[in-house]
$ cat run_7.cif   # mmCIF, C-alpha atoms
data_final
#
loop_
_atom_site.label_atom_id
_atom_site.label_comp_id
_atom_site.auth_asym_id
_atom_site.auth_seq_id
_atom_site.Cartn_x
_atom_site.Cartn_y
_atom_site.Cartn_z
CA MET J 2 95.47 108.80 62.16
CA ASP J 3 92.95 106.03 62.68
CA THR J 4 90.68 106.27 65.67
CA VAL J 5 90.06 103.11 67.65
CA HIS J 6 86.37 102.63 68.35
CA PRO J 7 85.22 100.48 71.28
CA SER J 8 83.36 97.28 70.58
CA LYS J 9 79.55 97.22 70.78
CA ASP J 10 79.44 95.70 74.26
CA ASP J 11 81.70 98.44 75.65
CA ARG J 12 84.54 96.01 76.23
CA LEU J 13 87.72 96.42 74.25
CA THR J 14 89.43 93.91 72.02
CA VAL J 15 93.08 93.10 72.59
CA GLY J 16 93.95 95.22 69.54
CA GLU J 17 91.97 98.17 70.88
CA VAL J 18 93.68 97.87 74.27
CA ALA J 19 97.10 97.65 72.60
CA ALA J 20 96.35 100.78 70.56
CA ARG J 21 94.99 102.72 73.55
CA SER J 22 97.72 101.69 75.98
CA GLY J 23 100.70 101.67 73.64
CA VAL J 24 101.52 98.17 74.88
CA PRO J 25 102.11 95.43 72.29
CA ILE J 26 99.59 92.59 72.12
CA SER J 27 102.32 90.12 73.05
CA THR J 28 102.95 92.08 76.25
CA LEU J 29 99.24 92.05 77.10
CA HIS J 30 99.24 88.28 76.68
CA PHE J 31 102.34 88.08 78.91
CA TYR J 32 100.59 90.18 81.58
CA GLU J 33 97.65 87.79 81.38
CA ARG J 34 99.91 84.74 81.83
CA GLU J 35 101.55 86.46 84.83
CA GLY J 36 98.17 87.09 86.46
CA LEU J 37 98.31 90.87 86.07
CA LEU J 38 95.32 91.13 83.72
CA ALA J 39 92.21 88.99 83.48
CA PRO J 40 90.35 89.62 80.25
CA GLU J 41 86.94 88.15 79.79
CA ARG J 42 86.01 85.97 76.81
CA ASP J 43 83.17 86.68 74.42
CA ASP J 44 80.92 84.10 72.76
CA ALA J 45 83.60 83.44 70.13
CA ASN J 46 86.23 82.96 72.90
CA ARG J 47 88.05 86.20 72.01
CA ARG J 48 89.64 88.31 74.72
CA ARG J 49 87.64 91.35 75.83
CA TYR J 50 88.97 93.89 78.29
CA ARG J 51 86.97 96.18 80.51
CA ARG J 52 88.01 99.82 80.14
CA ALA J 53 89.30 99.81 83.73
CA GLU J 54 92.06 97.48 82.56
CA LEU J 55 93.67 100.48 80.81
CA ARG J 56 94.38 101.98 84.24
CA ARG J 57 95.84 98.70 85.45
CA ILE J 58 98.09 98.53 82.39
CA SER J 59 99.29 102.09 82.98
CA PHE J 60 100.02 101.25 86.60
CA ILE J 61 101.94 98.12 85.58
CA ARG J 62 104.05 100.04 83.08
CA VAL J 63 104.93 102.84 85.49
CA ALA J 64 105.72 100.39 88.30
CA GLN J 65 107.96 98.36 85.96
CA ARG J 66 109.71 101.53 84.82
CA VAL J 67 110.80 102.31 88.37
CA GLY J 68 112.00 98.75 88.87
CA ILE J 69 109.23 97.14 90.89
CA PRO J 70 109.20 93.38 90.31
CA LEU J 71 106.15 91.86 88.62
CA ALA J 72 105.38 89.74 91.69
CA GLU J 73 105.00 92.91 93.80
CA ILE J 74 102.90 94.55 91.11
CA ARG J 75 100.63 91.49 90.97
CA ASP J 76 100.26 91.48 94.78
CA ALA J 77 99.31 95.15 94.74
CA LEU J 78 96.80 94.70 91.93
CA ASP J 79 95.27 91.72 93.72
CA GLY J 80 94.16 94.19 96.38
CA LEU J 81 92.08 96.18 93.90
CA PRO J 82 88.40 95.43 93.32
CA ASP J 83 87.75 92.88 90.60
CA ARG J 84 84.44 93.84 89.11
CA ARG J 85 84.29 97.59 89.51
CA ILE J 86 86.46 100.49 88.45
CA PRO J 87 88.98 101.28 91.21
CA THR J 88 88.28 104.55 92.97
CA ARG J 89 90.81 107.22 93.92
CA ARG J 90 90.68 105.76 97.43
CA ASP J 91 91.58 102.29 96.11
CA TRP J 92 94.59 103.71 94.26
CA MET J 93 95.65 105.79 97.30
CA HIS J 94 95.50 102.68 99.50
CA LEU J 95 97.64 100.80 96.99
CA SER J 96 100.21 103.59 96.77
CA ALA J 97 100.38 103.90 100.57
CA ARG J 98 101.43 100.24 100.73
CA TRP J 99 104.45 101.08 98.60
CA HIS J 100 105.38 104.45 100.08
CA GLU J 101 108.10 103.25 102.46
CA ALA J 102 109.60 100.81 99.95
CA LEU J 103 109.70 103.52 97.29
CA GLU J 104 111.38 105.94 99.70
CA ARG J 105 114.07 103.29 100.38
CA ARG J 106 114.48 102.69 96.64
CA ILE J 107 114.87 106.44 96.03
CA ALA J 108 117.53 106.66 98.76
CA ASP J 109 119.39 103.66 97.28
CA LEU J 110 119.27 105.16 93.80
CA GLU J 111 120.54 108.52 95.09
CA HIS J 112 123.33 106.70 96.91
CA LEU J 113 124.25 104.85 93.73
CA ARG J 114 124.14 108.03 91.66
CA ASP J 115 126.27 110.02 94.10
CA ASP J 116 128.82 107.37 95.05
CA LEU J 117 129.25 105.35 91.89
CA ALA J 118 131.11 108.14 90.10
CA THR J 119 133.72 108.38 92.87
CA CYS J 120 134.17 104.63 92.90
CA ILE J 121 134.88 104.31 89.19
CA GLY J 122 136.36 107.78 88.82
CA CYS J 123 139.87 106.60 89.63
CA GLY J 124 139.66 103.69 87.24
CA CYS J 125 140.65 100.91 89.66
CA LEU J 126 137.11 99.46 89.83
CA SER J 127 138.03 97.52 92.96
CA LEU J 128 137.43 98.41 96.58
CA GLY J 129 139.90 95.64 97.43
CA VAL J 130 142.81 97.72 96.17
CA CYS J 131 141.34 101.21 96.47
CA THR J 132 143.61 103.32 98.65
CA LEU J 133 141.07 106.13 98.92
CA GLU J 134 137.79 104.37 99.75
CA ASN J 135 138.99 101.04 101.18
CA PRO J 136 142.66 101.13 102.20
CA ALA J 137 144.09 97.68 103.02
CA ASP J 138 140.68 96.20 102.21
CA ARG J 139 139.43 97.08 105.71
CA LEU J 140 135.81 96.60 104.65
CA ALA J 141 136.43 92.86 104.25
CA ALA J 142 136.46 92.56 108.05
CA ALA J 143 132.85 93.77 108.13
CA GLY J 144 131.67 90.74 106.16
CA PRO J 145 130.90 89.75 102.59
CA GLY J 146 129.01 91.79 100.05
CA PRO J 147 128.77 95.46 99.24
CA ARG J 148 129.44 96.76 102.76
CA ARG J 149 129.04 100.43 101.93
CA TRP J 150 125.63 99.67 100.42
CA THR J 151 124.31 97.37 103.10
CA GLU J 152 125.49 99.25 106.20
CA GLU J 153 122.85 101.30 107.94
CA ASP J 154 123.71 104.98 107.74
#

$ encode --input "run_7.cif" --output "structure tokens"
Amino acid sequence: MDTVHPSKDDRLTVGEVAARSGVPISTLHFYEREGLLAPERDDANRRRYRRAELRRISFIRVAQRVGIPLAEIRDALDGLPDRRIPTRRDWMHLSARWHEALERRIADLEHLRDDLATCIGCGCLSLGVCTLENPADRLAAAGPGPRRWTEED
């Protein structure tokens, strides 16, 4: 296995970052276009990444994996310091901003996991005709949309 060695100025090339992060170069360029990463340019106008960018990339990937939109990820990263490595305190502050939203997302996912099977278990796939969960389409009176999902418990 080849070992990736950092460049002489202690900044990483796009290829080195791709190898270290496991993220394709095209994705790194996409993140740059979306304002998630801001590589510097060397004298030959090539991208160079500070090592701290590896942490940002990891954060982006994990946040995307749990379904957080890129706009929210960008807003969160904008709150981190630009020219120094984020501290544990910086990361804790960032995660605290998302705590409540993540708790809601977890509850919604648990609701989906637990209730989706009963909804499609009978095979009707329609709450409009479901005699068990929505007899006579009584939920229609509560308004449009997924009433069981949007009602406060």

$ residues_around --input "run_7.cif" --residues "Glu41 of chain J" --least-positions-apart "5" --cutoff "7 Å" --atoms "all atoms listed in the file" --output "JSON, numbers by chain"
{"J": [48, 49, 50]}

$ atom_distance --input "run_7.cif" --atom1 "atom CA of Arg75 of chain J" --atom2 "atom CA of Leu113 of chain J"
27.3 Å

$ closest_residue --input "run_7.cif" --among "J:Ala45, J:Ala141, J:Ala39, J:Ala102" --to "Leu78 of chain J" --atoms "all atoms listed in the file"
J:Ala39

$ closest_residue --input "run_7.cif" --among "J:Arg47, J:Arg62, J:Arg114, J:Arg90" --to "Thr28 of chain J" --atoms "only C-alpha atoms"
J:Arg62

$ closest_residue --input "run_7.cif" --among "J:Ile69, J:Thr14, J:Met93, J:Asp79" --to "Leu55 of chain J" --atoms "all atoms listed in the file"
J:Thr14

$ atom_distance --input "run_7.cif" --atom1 "atom CA of Asp43 of chain J" --atom2 "atom CA of Trp92 of chain J"
28.5 Å

$ atom_distance --input "run_7.cif" --atom1 "atom CA of Ile61 of chain J" --atom2 "atom CA of Asp115 of chain J"
28.4 Å

$ axis_aligned_box --input "run_7.cif" --around "segment 19-33 of chain J" --padding-each-side "3 Å" --output "AutoDock Vina command-line options"
--center_x 99.0 --center_y 95.3 --center_z 76.1 --size_x 14.0 --size_y 20.9 --size_z 17.0

$ residues_around --input "run_7.cif" --residues "Arg52 of chain J" --least-positions-apart "5" --cutoff "9 Å" --atoms "only C-alpha atoms" --output "VMD selection string"
chain J and resid 11 to 13 18 86

$ residues_around --input "run_7.cif" --residues "Glu35 of chain J" --least-positions-apart "4" --cutoff "9 Å" --atoms "all atoms listed in the file" --output "NGL selection string"
:J and (30-31 or 71-72 or 75)

$ residues_near_point --input "run_7.cif" --point "(95.3, 93.7, 74.7)" --cutoff "6 Å" --atoms "only C-alpha atoms" --output "PyMOL selection string"
chain J and resi 15-16+18-19+26+29

$ closest_residue --input "run_7.cif" --among "J:Glu17, J:Gly36, J:Asp76, J:Val67" --to "Leu110 of chain J" --atoms "only C-alpha atoms"
J:Val67

$ closest_residue --input "run_7.cif" --among "J:Leu140, J:Glu54, J:His94, J:Pro87" --to "Glu33 of chain J" --atoms "all atoms listed in the file"
J:Glu54
